[in-house]
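Peer 1: entry_39.txt is the file, holding compact mmCIF, C-alpha atoms:
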# COMPACT_ATOMS: atom_id res chain seq x y z
CA MET B 366 123.99 206.66 31.61
CA THR B 367 121.14 207.78 33.82
CA SER B 368 122.06 209.62 36.96
CA ALA B 369 120.46 212.02 39.39
CA THR B 370 121.25 215.33 40.93
CA VAL B 371 122.46 215.18 44.51
CA ARG B 372 120.99 217.45 47.18
CA VAL B 373 122.32 218.05 50.68
CA TYR B 374 119.89 219.74 53.06
CA ASN B 375 120.28 219.95 56.85
CA ASN B 376 123.30 217.66 56.55
CA GLU B 377 121.23 214.95 54.88
CA ARG B 378 122.06 213.69 51.40
CA THR B 379 119.11 212.96 49.13
CA THR B 380 118.62 212.21 45.44
CA GLY B 381 116.97 214.84 43.30
CA ARG B 382 115.01 214.60 40.07
CA PRO B 383 116.51 211.98 37.69
CA LYS B 384 118.37 213.18 34.62
CA ALA B 385 118.70 211.05 31.50
CA GLY B 386 121.94 211.18 29.55
CA GLY B 387 125.39 212.51 30.38
CA MET B 388 126.96 212.87 33.79
CA TRP B 389 125.36 215.35 36.16
CA LEU B 390 126.96 216.72 39.29
CA ARG B 391 126.07 219.83 41.25
CA GLY B 392 128.94 220.49 43.61
CA LEU B 393 128.84 224.27 43.29
CA CYS B 394 126.64 227.04 44.56
CA GLN B 395 123.96 228.28 42.19
CA ASP B 396 125.95 231.34 41.09
CA CYS B 397 129.06 229.33 40.17
CA ASN B 398 127.01 226.59 38.52
CA ASN B 399 125.25 229.22 36.42
CA LEU B 400 128.60 230.86 35.65
CA ALA B 401 129.68 227.81 33.65
CA GLY B 402 126.29 227.01 32.19
CA LYS B 403 125.54 230.50 30.90
CA ASN B 404 129.01 231.51 29.73
CA TYR B 405 131.30 228.58 28.98
CA ASP B 406 129.64 225.20 28.62
CA THR B 407 128.18 225.98 25.19
CA ALA B 408 131.67 226.75 23.89
CA TYR B 409 132.87 223.43 25.22
CA GLY B 410 129.96 221.60 23.61
CA ASP B 411 130.65 223.28 20.26
CA PHE B 412 134.33 222.32 20.46
CA ALA B 413 133.53 218.70 21.30
CA ALA B 414 130.98 218.52 18.45
CA ARG B 415 133.53 219.85 15.93
CA LEU B 416 136.06 217.23 17.00
CA THR B 417 133.45 214.46 16.76
CA ASN B 418 132.37 215.61 13.29
CA TYR B 419 135.97 215.89 12.09
CA PHE B 420 136.93 212.38 13.12
CA GLY B 421 133.67 211.00 11.75
CA ALA B 422 134.38 212.61 8.37
CA ARG B 423 137.99 211.44 8.48
CA THR B 424 136.86 207.84 8.94
CA HIS B 425 134.55 207.97 5.94
CA LEU B 426 136.59 210.23 3.64
CA LEU B 427 140.06 208.88 4.49
CA LEU B 428 141.39 212.30 5.39
CA PRO B 429 145.04 212.45 6.50
CA ALA B 430 145.91 212.19 10.19
CA PRO B 431 145.74 215.53 12.02
CA GLU B 432 149.21 217.02 12.48
CA PRO B 433 149.82 218.29 15.05
CA ALA B 434 146.14 218.78 15.94
CA PRO B 435 142.77 218.54 14.18
CA PRO B 436 141.93 221.62 12.07
CA VAL B 437 138.89 222.71 14.06
CA SER B 438 138.04 226.00 15.73
CA VAL B 439 137.99 226.49 19.49
CA ALA B 440 137.28 229.27 22.00
CA PRO B 441 140.30 228.40 24.17
CA GLY B 442 139.56 230.63 27.16
CA ARG B 443 135.92 229.65 27.39
CA VAL B 444 136.66 225.93 27.00
CA ALA B 445 139.41 225.93 29.66
CA ARG B 446 137.15 227.82 32.08
CA SER B 447 134.31 225.35 31.51
CA VAL B 448 136.65 222.44 32.31
CA LEU B 449 138.13 224.02 35.42
CA ILE B 450 134.78 225.07 36.89
CA GLY B 451 133.63 221.48 36.46
CA MET B 452 136.75 220.28 38.25
CA PHE B 453 136.05 222.59 41.17
CA ALA B 454 132.66 220.86 41.41
CA THR B 455 134.06 217.32 41.51
CA THR B 456 137.06 218.23 43.67
CA PRO B 457 136.08 220.67 46.45
CA HIS B 458 139.62 220.57 47.89
CA LEU B 459 140.76 222.68 44.92
CA ARG B 460 139.06 225.71 46.50
CA LYS B 461 141.49 225.54 49.43
CA MET B 462 144.50 224.52 47.38
CA PHE B 463 144.11 227.21 44.71
CA PRO B 464 141.90 230.00 46.12
CA GLY B 465 143.34 232.53 43.69
CA LEU B 466 142.29 230.46 40.71
CA ALA B 467 138.81 229.99 42.18
CA HIS B 468 138.48 233.76 42.65
CA ASP B 469 139.73 234.55 39.14
CA LEU B 470 137.25 232.12 37.59
CA GLN B 471 134.37 233.47 39.66
CA ALA B 472 135.31 237.08 38.86
CA ARG B 473 135.53 236.24 35.12
CA ARG B 474 138.98 237.78 34.82
CA PRO B 475 139.88 238.07 31.12
CA HIS B 476 143.45 236.78 31.63
CA ILE B 477 144.11 234.07 34.20
CA THR B 478 147.47 232.57 35.12
CA MET B 479 147.55 228.97 36.28
CA PRO B 480 148.86 228.84 39.87
CA ASP B 481 152.22 227.34 40.72
CA GLY B 482 151.89 223.66 41.41
CA ALA B 483 149.17 222.83 38.88
CA THR B 484 148.88 222.33 35.16
CA LEU B 485 145.94 221.61 32.83
CA ARG B 486 146.43 218.96 30.14
CA MET B 487 144.25 217.66 27.31
CA ALA B 488 144.14 214.55 25.09
CA LEU B 489 141.78 212.92 22.61
CA TYR B 490 139.63 210.21 24.14
CA PRO B 491 137.46 208.09 21.78
CA SER B 492 136.20 205.53 24.33
CA ARG B 493 132.53 205.37 25.32
CA SER B 494 133.57 204.71 28.92
CA THR B 495 133.42 207.85 31.04
CA ARG B 496 135.05 208.86 34.28
CA LEU B 497 134.95 212.05 36.35
CA ALA B 498 137.13 211.85 39.43
CA SER B 499 138.95 213.90 42.04
CA MET B 500 142.38 213.35 43.54
CA SER B 501 144.02 210.00 42.85
CA TYR B 502 147.43 208.51 42.36
CA GLY B 503 148.57 205.37 40.60
CA MET B 504 151.94 203.68 40.14
CA ARG B 505 152.61 201.05 37.51
CA VAL B 506 154.60 198.23 39.08
CA ILE B 507 154.46 195.57 36.33
CA ALA B 508 155.94 195.76 32.81
CA HIS B 509 157.57 199.15 33.33
CA ARG B 510 157.58 201.98 35.83
CA GLN B 511 155.11 204.83 35.38
CA HIS B 512 153.06 207.03 37.64
CA TYR B 513 149.77 208.88 37.28
CA ASN B 514 149.07 211.73 39.67
CA VAL B 515 146.05 214.05 39.32
CA PHE B 516 144.12 216.59 41.35
CA SER B 517 141.09 216.10 39.10
CA GLU B 518 140.27 214.30 35.86
CA ILE B 519 137.58 214.26 33.18
CA TYR B 520 137.36 211.44 30.63
CA PHE B 521 134.31 212.09 28.50
CA ARG B 522 134.33 211.41 24.77
CA PRO B 523 135.87 212.95 22.67
CA LEU B 524 138.30 214.54 25.18
CA ALA B 525 140.20 213.77 28.35
CA TRP B 526 141.42 216.47 30.75
CA THR B 527 143.59 216.37 33.85
CA LEU B 528 144.58 218.95 36.42
CA SER B 529 147.85 217.62 37.78
CA PRO B 530 150.93 218.67 39.74
CA ASN B 531 153.54 220.30 37.53
CA ASP B 532 156.39 219.18 39.76
CA ASP B 533 158.61 216.86 37.70
CA ARG B 534 160.65 215.67 40.66
CA LEU B 535 158.60 212.46 40.86
CA ASP B 536 160.01 211.44 37.47
CA GLY B 537 163.45 211.13 39.03
CA ALA B 538 162.37 209.42 42.24
CA GLY B 539 162.44 205.88 40.92
CA LEU B 540 158.75 205.94 39.98
CA GLY B 541 159.29 206.12 36.25
CA GLU B 542 157.88 208.65 33.83
CA SER B 543 154.52 210.34 34.30
CA VAL B 544 151.80 209.02 31.99
CA LEU B 545 150.86 212.65 31.40
CA SER B 546 154.24 213.70 30.01
CA ALA B 547 152.95 213.05 26.47
CA TRP B 548 149.84 215.19 26.97
CA PRO B 549 150.06 218.82 25.82
CA VAL B 550 149.78 221.55 28.47
CA VAL B 551 146.98 224.05 27.79
CA ASP B 552 147.53 226.44 30.72
CA GLN B 553 147.98 229.29 28.25
CA TRP B 554 144.36 228.95 27.11
CA LEU B 555 143.35 230.85 30.24
CA GLN B 556 145.13 233.91 28.86
CA TYR B 557 142.37 234.21 26.25
CA GLY B 558 139.26 236.11 27.37
CA ASP B 559 135.60 235.55 26.64
CA ASP B 560 135.88 237.76 23.55
CA VAL B 561 138.03 235.18 21.72
CA THR B 562 135.45 232.83 20.26
CA ALA B 563 137.19 231.07 17.36
CA LEU B 564 140.85 230.15 16.92
CA ASP B 565 142.38 227.30 14.96
CA LEU B 566 143.22 224.48 17.38
CA ARG B 567 146.53 224.00 15.55
CA ASP B 568 147.55 227.52 16.56
CA VAL B 569 146.83 227.10 20.29
CA CYS B 570 148.06 223.52 20.60
CA ARG B 571 151.21 223.21 18.53
CA ARG B 572 152.27 220.00 20.24
CA GLY B 573 150.71 216.81 18.94
CA ILE B 574 147.59 215.67 20.81
CA PRO B 575 147.74 211.95 21.70
CA THR B 576 144.77 209.62 21.65
CA VAL B 577 144.50 207.98 25.07
CA GLY B 578 142.57 205.57 27.22
CA HIS B 579 142.42 205.80 30.98
CA PRO B 580 145.78 204.37 32.12
CA LEU B 581 144.44 202.78 35.30
CA ARG B 582 141.71 200.99 33.33
CA GLU B 583 143.86 199.82 30.40
CA GLY B 584 146.49 198.00 32.44
CA ARG B 585 144.39 196.32 35.10
CA GLY B 586 146.59 194.33 37.44
CA GLU B 587 149.64 196.40 36.56
CA TRP B 588 148.79 199.43 38.67
CA MET B 589 148.60 200.22 42.36
CA GLU B 590 145.98 202.93 42.88
CA ALA B 591 145.72 205.13 45.95
CA PHE B 592 143.19 207.80 46.91
CA GLN B 593 144.67 211.05 48.15
CA ASN B 594 141.94 211.97 50.63
CA ASP B 595 138.92 210.45 52.34
CA THR B 596 136.37 212.42 50.32
CA ALA B 597 137.48 211.46 46.80
CA ALA B 598 134.66 211.37 44.24
CA PHE B 599 134.56 208.89 41.35
CA LEU B 600 131.76 208.86 38.77
CA GLU B 601 131.97 206.24 36.03
CA GLY B 602 129.59 205.28 33.25
CA LYS B 603 129.29 204.49 29.55
CA ILE B 604 127.93 206.55 26.66
CA PRO B 605 125.27 204.50 24.80
CA ALA B 606 126.17 203.41 21.28
Can you dump the structure from the file as structure tokens?

Peer 2:
Amino acid sequence: MTSATVRVYNNERTTGRPKAGGMWLRGLCQDCNNLAGKNYDTAYGDFAARLTNYFGARTHLLLPAPEPAPPVSVAPGRVARSVLIGMFATTPHLRKMFPGLAHDLQARRPHITMPDGATLRMALYPSRSTRLASMSYGMRVIAHRQHYNVFSEIYFRPLAWTLSPNDDRLDGAGLGESVLSAWPVVDQWLQYGDDVTALDLRDVCRRGIPTVGHPLREGRGEWMEAFQNDTAAFLEGKIPA
């Protein structure tokens, strides 16, 4: 996918220099954008590369299925911080909803507690289709009842991430089960500081990691989708073969 940086100057939106490859979005000030780029994004890239290499080798060497998670190393605190800073870029409302989390990320606190009302989840995502989006809600009304409720989401091979409400009351409100109930919660990764650079994924994610597609794209015609505010951002594309 080819996209461009977006620049807002004197309340006018313009397109910056084109970037080839990946999804680019600058929704943060320079300091916060550099915070992720200089300290956390490399750790995320390394983690994603290890997962890609593992599943590539498994396909060719017929390795057993990963139980409960692939045996690769991860810097859990750095990876979770990279994901969350990116979500603050795509979903500016998070800064007002969770100011304490924004401050802790900016201050590079070594141990961060996820605020009440939000939870970070992760899944494996092999599709070449990509989607970065802010607040949205979907309810499955055909086949069986399910709902999908997120503050922010990242679907970018080989991983999918959601920041979602951790209030389970919707499950008992006649809306069916949350699609995300099968995804492991990784809130505790924020308790690891920058000094933790390599842990076995099986030790920090003891619950099995499902392989998923985007629910609202898999069951087209079965879902009713609603946007939770008038400034929702949706970026979609496809990774070249």

Peer 1: Compare B:Glu601, B:Glu432, B:Glu542, B:Asp568 by their minimum atom-to-atom distance to Met504 of chain B, counting all atoms listed in the file, and give me the closest one.

Peer 2: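 Smallest distance to Met504 of chain B is found for B:Glu542.
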
Peer 1: What is the distance between atom CA of Ser499 of chain B and atom CA of Val439 of chain B, in Å to one decimal?

Peer 2: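 Here the two named atoms are 25.8 Å from each other.
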
Peer 1: Restricting the calculation to all atoms listed in the file, which member of B:Ala498, B:Ala434, B:Leu524, B:Ala445 is positioned closest to Ala414 of chain B?

Peer 2: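 Answer, going by the shortest atom-to-atom distance: B:Leu524.
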
Peer 1: In terms of the shortest atom-to-atom distance over all atoms listed in the file, which of B:Phe453, B:Tyr409, B:Phe420, B:Phe521 is closest to Leu393 of chain B?

Peer 2: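 Answer, going by the shortest atom-to-atom distance: B:Phe453.
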
Peer 1: Which residues, written as a PyMOL selection string, have at least one atom at most 7 Å from Val506 of chain B, with all atoms listed in the file counted and residues fewer than 4 positions away on the same chain left out?

Peer 2: chain B and resi 510+587-588

Peer 1: Tell me, in Å to one decimal, how far atom CA of Ala467 of chain B is from atom CA of Asp552 of chain B.

Peer 2: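 Between atom CA of Ala467 of chain B and atom CA of Asp552 of chain B the gap is 14.8 Å.
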
Peer 1: Taking 6 positions as the minimum chain separation for residues in the same chain, which residues sit within 10 Å of Pro580 of chain B when counting all atoms listed in the file? Answer as JSON, numbers by chain.

Peer 2: {"B": [503, 505, 511, 512, 513, 544, 545, 587, 588]}

Peer 1: Restricted to C-alpha atoms, what would the selected residues look like written as a PDB file, in the coordinates of the input?

Peer 2:
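Okay, this is what ended up in again_26.pdb:
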ATOM      1  CA  GLY B 503     148.570 205.370  40.600  1.00  0.00           C
ATOM      2  CA  ARG B 505     152.610 201.050  37.510  1.00  0.00           C
ATOM      3  CA  GLN B 511     155.110 204.830  35.380  1.00  0.00           C
ATOM      4  CA  HIS B 512     153.060 207.030  37.640  1.00  0.00           C
ATOM      5  CA  TYR B 513     149.770 208.880  37.280  1.00  0.00           C
ATOM      6  CA  VAL B 544     151.800 209.020  31.990  1.00  0.00           C
ATOM      7  CA  LEU B 545     150.860 212.650  31.400  1.00  0.00           C
ATOM      8  CA  GLU B 587     149.640 196.400  36.560  1.00  0.00           C
ATOM      9  CA  TRP B 588     148.790 199.430  38.670  1.00  0.00           C
TER      10      TRP B 588
END

Peer 1: Would you fill the gaps in segment 477-488 of chain B so it has all heavy atoms, then print it as a PDB file, in the coordinates of the input?

Peer 2:
ATOM      1  N   ILE B 477     143.871 234.824  32.968  1.00  0.00           N
ATOM      2  CA  ILE B 477     144.110 234.070  34.200  1.00  0.00           C
ATOM      3  C   ILE B 477     145.411 233.289  34.060  1.00  0.00           C
ATOM      4  O   ILE B 477     145.669 232.660  33.020  1.00  0.00           O
ATOM      5  CB  ILE B 477     142.954 233.101  34.492  1.00  0.00           C
ATOM      6  CG1 ILE B 477     141.646 233.883  34.700  1.00  0.00           C
ATOM      7  CG2 ILE B 477     143.260 232.242  35.712  1.00  0.00           C
ATOM      8  CD1 ILE B 477     140.430 232.993  34.904  1.00  0.00           C
ATOM      9  N   THR B 478     146.234 233.338  35.093  1.00  0.00           N
ATOM     10  CA  THR B 478     147.470 232.570  35.120  1.00  0.00           C
ATOM     11  C   THR B 478     147.288 231.351  36.008  1.00  0.00           C
ATOM     12  O   THR B 478     146.814 231.464  37.136  1.00  0.00           O
ATOM     13  CB  THR B 478     148.629 233.435  35.667  1.00  0.00           C
ATOM     14  OG1 THR B 478     148.810 234.580  34.807  1.00  0.00           O
ATOM     15  CG2 THR B 478     149.928 232.639  35.721  1.00  0.00           C
ATOM     16  N   MET B 479     147.657 230.199  35.492  1.00  0.00           N
ATOM     17  CA  MET B 479     147.550 228.970  36.280  1.00  0.00           C
ATOM     18  C   MET B 479     148.487 229.078  37.484  1.00  0.00           C
ATOM     19  O   MET B 479     149.630 229.494  37.354  1.00  0.00           O
ATOM     20  CB  MET B 479     147.925 227.764  35.427  1.00  0.00           C
ATOM     21  CG  MET B 479     147.726 226.424  36.124  1.00  0.00           C
ATOM     22  SD  MET B 479     146.002 226.040  36.485  1.00  0.00           S
ATOM     23  CE  MET B 479     145.390 225.698  34.830  1.00  0.00           C
ATOM     24  N   PRO B 480     148.020 228.717  38.676  1.00  0.00           N
ATOM     25  CA  PRO B 480     148.860 228.840  39.870  1.00  0.00           C
ATOM     26  C   PRO B 480     150.036 227.879  39.848  1.00  0.00           C
ATOM     27  O   PRO B 480     149.995 226.834  39.192  1.00  0.00           O
ATOM     28  CB  PRO B 480     147.886 228.498  41.012  1.00  0.00           C
ATOM     29  CG  PRO B 480     146.841 227.655  40.376  1.00  0.00           C
ATOM     30  CD  PRO B 480     146.689 228.179  38.980  1.00  0.00           C
ATOM     31  N   ASP B 481     151.090 228.245  40.571  1.00  0.00           N
ATOM     32  CA  ASP B 481     152.220 227.340  40.720  1.00  0.00           C
ATOM     33  C   ASP B 481     151.752 226.041  41.345  1.00  0.00           C
ATOM     34  O   ASP B 481     150.972 226.035  42.293  1.00  0.00           O
ATOM     35  CB  ASP B 481     153.298 227.976  41.602  1.00  0.00           C
ATOM     36  CG  ASP B 481     153.970 229.174  40.936  1.00  0.00           C
ATOM     37  OD1 ASP B 481     153.911 229.252  39.691  1.00  0.00           O
ATOM     38  OD2 ASP B 481     154.537 230.016  41.660  1.00  0.00           O
ATOM     39  N   GLY B 482     152.236 224.950  40.834  1.00  0.00           N
ATOM     40  CA  GLY B 482     151.890 223.660  41.410  1.00  0.00           C
ATOM     41  C   GLY B 482     150.794 222.915  40.677  1.00  0.00           C
ATOM     42  O   GLY B 482     150.438 221.809  41.065  1.00  0.00           O
ATOM     43  N   ALA B 483     150.245 223.498  39.610  1.00  0.00           N
ATOM     44  CA  ALA B 483     149.170 222.830  38.880  1.00  0.00           C
ATOM     45  C   ALA B 483     149.298 223.101  37.395  1.00  0.00           C
ATOM     46  O   ALA B 483     149.770 224.163  36.975  1.00  0.00           O
ATOM     47  CB  ALA B 483     147.801 223.293  39.378  1.00  0.00           C
ATOM     48  N   THR B 484     148.871 222.149  36.605  1.00  0.00           N
ATOM     49  CA  THR B 484     148.880 222.330  35.160  1.00  0.00           C
ATOM     50  C   THR B 484     147.689 221.594  34.554  1.00  0.00           C
ATOM     51  O   THR B 484     147.292 220.523  35.030  1.00  0.00           O
ATOM     52  CB  THR B 484     150.202 221.829  34.548  1.00  0.00           C
ATOM     53  OG1 THR B 484     150.294 222.253  33.197  1.00  0.00           O
ATOM     54  CG2 THR B 484     150.302 220.315  34.586  1.00  0.00           C
ATOM     55  N   LEU B 485     147.101 222.180  33.516  1.00  0.00           N
ATOM     56  CA  LEU B 485     145.940 221.610  32.830  1.00  0.00           C
ATOM     57  C   LEU B 485     146.403 220.960  31.530  1.00  0.00           C
ATOM     58  O   LEU B 485     147.105 221.585  30.733  1.00  0.00           O
ATOM     59  CB  LEU B 485     144.913 222.701  32.544  1.00  0.00           C
ATOM     60  CG  LEU B 485     143.585 222.265  31.910  1.00  0.00           C
ATOM     61  CD1 LEU B 485     142.792 221.372  32.870  1.00  0.00           C
ATOM     62  CD2 LEU B 485     142.749 223.490  31.520  1.00  0.00           C
ATOM     63  N   ARG B 486     146.022 219.695  31.333  1.00  0.00           N
ATOM     64  CA  ARG B 486     146.430 218.960  30.140  1.00  0.00           C
ATOM     65  C   ARG B 486     145.192 218.385  29.443  1.00  0.00           C
ATOM     66  O   ARG B 486     144.164 218.144  30.073  1.00  0.00           O
ATOM     67  CB  ARG B 486     147.380 217.814  30.502  1.00  0.00           C
ATOM     68  CG  ARG B 486     148.724 218.281  31.066  1.00  0.00           C
ATOM     69  CD  ARG B 486     149.595 217.099  31.450  1.00  0.00           C
ATOM     70  NE  ARG B 486     150.845 217.484  32.063  1.00  0.00           N
ATOM     71  CZ  ARG B 486     151.994 217.667  31.419  1.00  0.00           C
ATOM     72  NH1 ARG B 486     152.024 217.483  30.109  1.00  0.00           N
ATOM     73  NH2 ARG B 486     153.095 218.010  32.065  1.00  0.00           N
ATOM     74  N   MET B 487     145.360 218.136  28.128  1.00  0.00           N
ATOM     75  CA  MET B 487     144.250 217.660  27.310  1.00  0.00           C
ATOM     76  C   MET B 487     144.735 216.559  26.380  1.00  0.00           C
ATOM     77  O   MET B 487     145.877 216.570  25.925  1.00  0.00           O
ATOM     78  CB  MET B 487     143.695 218.818  26.476  1.00  0.00           C
ATOM     79  CG  MET B 487     142.562 218.443  25.531  1.00  0.00           C
ATOM     80  SD  MET B 487     142.111 219.786  24.403  1.00  0.00           S
ATOM     81  CE  MET B 487     143.535 219.780  23.301  1.00  0.00           C
ATOM     82  N   ALA B 488     143.850 215.599  26.072  1.00  0.00           N
ATOM     83  CA  ALA B 488     144.140 214.550  25.090  1.00  0.00           C
ATOM     84  C   ALA B 488     142.838 214.157  24.410  1.00  0.00           C
ATOM     85  O   ALA B 488     141.746 214.490  24.884  1.00  0.00           O
ATOM     86  CB  ALA B 488     144.782 213.340  25.760  1.00  0.00           C
TER      87      ALA B 488
END
